Amino acid sequence: MRICRAVKVLSRVLPLRAWKGDILQHHSDRCPACQATLAGREEARDYVHQPDEPCPWDSIWPAVEARIRTIPQTPGRRAYPIGKLWKPVTGITVVAGVLFLIFIVSKPPRPADNPRPITHIEDFRLDSVEAWGKPAQALIYQAKDSQITIIWVR
Amino acid sequence: MDEQAIVKRCLEGDAGCFQQIVISHKAPLMATAMTVLGNRQDAEDICQETFIQAYRHLSSFDSGRNLRAWLYTILYRRCLNAAKRKKKFAGILDRLKAEPGSWMPSPDPRRIDPAALPAGLYEALNRRERTVLSLWVNEGYTAAEIAAILGCPPGTARYDLYNVRKKIRTLMEKTHENLPSR
């Protein structure tokens with residue numbers, strides 16, 4: 001009985017119905033007590049309609065026949081097996097999409113891709129310039145659209 | 001003529017040959033459809049649609065597969081779609097019934113409806129579970145075969161089957177309790 005309770009608890013905890021089904025059937029096949037809580041095939045017969053019930057199904061074929069006469073058949077044509085392939089194809093597409101997104105997000109930006117705005121350079125003034133203890137002439141050069149200022153002294 | 005030969009003949013354009021497929025499979029399909037949907041009219045419509053769809057896609061039928069299992073797969077999907085459609089139009093039908101003098105089709109007096117299933121079944125079991133039950137009882141299919149029809153892993157079908165059997169047992173016990181003691 002302890003095992004039965006453990007199996008029931010486990011079947012509630014497990015996240016997938018497929019796992020629950022496997023564990024429950026594996027146990028109930030071997031446990032007479034659990035087997036007694038399940039209806040048998042013969043017992044369940046009263047709960048379904050039977051194919052041999054006295055109920056005429058004669059109206060089906062005339063209705064089907066009227067419709068299928070207009071449907072052309074093309075022998076040898078095989079349907080595209082998308083029914084079997086859609087799961088792996090969808091999975092591969094999703095994985096590829098996620099990898100692509102990771103690549104895009106993690107890629108370091110190139111300087112050209114991400115130009116830094118040019119900050120305004122503060123005004124500055126040179127009162128006097130000396131080179132090796134002697135007054136010198138200074139040439140100030142600043143390229144357009146650049147933050148670098150070059151001071152040439154001679 | 002075996003089923004492979006019948007399928008081949010149908011694919012060659014002999015639509016009349018399809019009658020043999022309809023005759024051999026209509027009763028079990030109707031029984032399942034009635035168990036799932038709960039009424040004969042809907043079950044008949046779904047069976048007709050199933051056979052028509054099967055004929056339309058006969059060329060894609062895998063000859064290595066069981067024809068009846070393939071028909072059950074179509075039937076199951078059709079039943080689910082029909083249930084969705086019915087839910088969608090339920091409000092409109094209710095309003096039609098409520099309005100005095102509104103037109104509603106009268107039942108066919110020639111129709112012989114089969115005996116109703118025990119009370120409580122439709123509340124206790126959902127459509128999927130009723131499909132599992134019907135396939136298990138009428139066809140004797142295993143959980144793996146049922147899983148192939150429902151398009152789910154075998155373990156999931158095993159879980160459904162376990163729950164169905166448990167619920168049926170509970171229903172049986174309730175029925176016995178409600179029976180008047182002599």
# chains A, B, ... in the order shown; residues from 1 in each chain; ligands from 1

call {"tool": "interface_residues", "arguments": {"of": "chain B", "to": "chain A", "cutoff": "6 Å", "atoms": "only C-alpha atoms", "output": "short mmCIF file (atom, residue, chain, number, x, y, z; two decimals) with C-alpha atoms, in the first residue's frame"}}
result
data_model
loop_
_atom_site.label_atom_id
_atom_site.label_comp_id
_atom_site.auth_asym_id
_atom_site.auth_seq_id
_atom_site.Cartn_x
_atom_site.Cartn_y
_atom_site.Cartn_z
CA LEU B 11 -7.30 5.48 -56.80
CA GLU B 12 -7.80 4.33 -60.35
CA GLY B 13 -11.07 6.26 -60.35
CA ALA B 27 -20.66 0.73 -37.85
CA PRO B 28 -17.54 0.95 -35.63
CA ALA B 31 -20.35 3.77 -32.57
CA THR B 35 -19.96 7.78 -27.88
CA GLN B 48 -19.93 11.15 -43.72
CA SER B 59 -3.61 8.75 -52.30
CA SER B 60 -1.74 9.81 -49.16
CA LEU B 117 -25.46 5.63 -22.42
CA SER B 134 -14.51 3.53 -27.27
CA VAL B 137 -13.53 -1.36 -25.54
CA GLY B 155 2.55 7.32 -22.24
CA THR B 156 -0.09 10.01 -22.60
CA ARG B 158 -1.68 5.18 -21.05
CA TYR B 159 -2.44 8.01 -18.63
CA ARG B 165 -10.86 3.10 -16.36
CA LYS B 166 -10.77 4.70 -12.93
CA ILE B 168 -15.73 4.23 -15.19
CA ARG B 169 -15.16 2.21 -12.02
#

call {"tool": "residues_around", "arguments": {"residues": "region 131-136 of chain A", "least_positions_apart": "4", "cutoff": "12 Å", "atoms": "only C-alpha atoms", "output": "number ranges by chain"}}
result
A: 126-127, 151-154

call {"tool": "write_last_selection", "arguments": {"atoms": "N, CA and C atoms", "output": "mmCIF file, in the first residue's frame"}}
result
data_model
loop_
_atom_site.group_PDB
_atom_site.id
_atom_site.type_symbol
_atom_site.label_atom_id
_atom_site.label_comp_id
_atom_site.auth_asym_id
_atom_site.auth_seq_id
_atom_site.Cartn_x
_atom_site.Cartn_y
_atom_site.Cartn_z
ATOM 1 N N LEU A 126 45.714 79.723 -25.039
ATOM 2 C CA LEU A 126 47.148 79.592 -24.741
ATOM 3 C C LEU A 126 47.714 81.013 -24.603
ATOM 4 N N ASP A 127 48.131 81.299 -23.392
ATOM 5 C CA ASP A 127 48.709 82.664 -23.219
ATOM 6 C C ASP A 127 50.133 82.734 -23.777
ATOM 7 N N ILE A 151 48.430 70.468 -31.136
ATOM 8 C CA ILE A 151 49.153 71.754 -30.944
ATOM 9 C C ILE A 151 50.587 71.564 -31.423
ATOM 10 N N TRP A 152 50.921 72.292 -32.396
ATOM 11 C CA TRP A 152 52.266 72.179 -33.013
ATOM 12 C C TRP A 152 53.103 73.345 -32.506
ATOM 13 N N VAL A 153 54.204 73.025 -31.927
ATOM 14 C CA VAL A 153 55.067 74.067 -31.335
ATOM 15 C C VAL A 153 56.397 74.086 -32.074
ATOM 16 N N ARG A 154 56.840 75.333 -32.367
ATOM 17 C CA ARG A 154 58.171 75.410 -32.991
ATOM 18 C C ARG A 154 58.897 76.649 -32.506
#

call {"tool": "closest_residue", "arguments": {"among": "B:Asn39, B:Glu49, B:Gly151, B:Lys8", "to": "Lys87 (chain A)", "atoms": "only C-alpha atoms"}}
result
B:Gly151

call {"tool": "residues_around", "arguments": {"residues": "Ala33 (chain A)", "least_positions_apart": "5", "cutoff": "12 Å", "atoms": "only C-alpha atoms", "output": "PDB file with N, CA and C atoms, in the first residue's frame"}}
result
ATOM      1  N   MET A   1       0.822  -1.209   0.000  1.00  0.00           N
ATOM      2  CA  MET A   1       0.000   0.000   0.000  1.00  0.00           C
ATOM      3  C   MET A   1       0.859   1.263   0.000  1.00  0.00           C
ATOM      4  N   ARG A   2       2.031   1.134   0.631  1.00  0.00           N
ATOM      5  CA  ARG A   2       2.905   2.289   0.693  1.00  0.00           C
ATOM      6  C   ARG A   2       3.413   2.624  -0.717  1.00  0.00           C
ATOM      7  N   ILE A   3       3.698   1.567  -1.450  1.00  0.00           N
ATOM      8  CA  ILE A   3       4.165   1.767  -2.828  1.00  0.00           C
ATOM      9  C   ILE A   3       3.057   2.420  -3.657  1.00  0.00           C
ATOM     10  N   CYS A   4       1.819   1.958  -3.453  1.00  0.00           N
ATOM     11  CA  CYS A   4       0.684   2.525  -4.199  1.00  0.00           C
ATOM     12  C   CYS A   4       0.585   4.025  -3.930  1.00  0.00           C
ATOM     13  N   ARG A   5       0.719   4.384  -2.654  1.00  0.00           N
ATOM     14  CA  ARG A   5       0.607   5.805  -2.289  1.00  0.00           C
ATOM     15  C   ARG A   5       1.765   6.596  -2.907  1.00  0.00           C
ATOM     16  N   HIS A  27       2.895   0.287 -12.568  1.00  0.00           N
ATOM     17  CA  HIS A  27       2.537  -0.142 -11.211  1.00  0.00           C
ATOM     18  C   HIS A  27       1.225  -0.947 -11.211  1.00  0.00           C
ATOM     19  N   SER A  28       0.209  -0.414 -11.869  1.00  0.00           N
ATOM     20  CA  SER A  28      -1.117  -1.065 -11.774  1.00  0.00           C
ATOM     21  C   SER A  28      -1.135  -2.451 -12.438  1.00  0.00           C
ATOM     22  N   LEU A  38      -9.714  -0.153 -11.151  1.00  0.00           N
ATOM     23  CA  LEU A  38      -9.900   0.191 -12.571  1.00  0.00           C
ATOM     24  C   LEU A  38     -10.957  -0.724 -13.195  1.00  0.00           C
TER      25      LEU A  38
END

call {"tool": "atom_distance", "arguments": {"atom1": "CA of Ile74 (chain B)", "atom2": "CA of Arg127 (chain B)"}}
result
14.6 Å

call {"tool": "atom_distance", "arguments": {"atom1": "CA of Lys88 (chain B)", "atom2": "CA of Ala54 (chain B)"}}
result
25.7 Å

call {"tool": "select_by_dssp", "arguments": {"residues": "chain B", "states": "alpha helix (DSSP H)", "output": "count of residues only"}}
result
123

call {"tool": "atom_distance", "arguments": {"atom1": "CA of Thr73 (chain B)", "atom2": "CA of Leu171 (chain B)"}}
result
27.6 Å

call {"tool": "residues_around", "arguments": {"residues": "Asn66 (chain B)", "least_positions_apart": "2", "cutoff": "12 Å", "atoms": "only C-alpha atoms", "output": "number ranges by chain"}}
result
B: 3-4, 25, 61-64, 68-73, 141, 145, 148-149
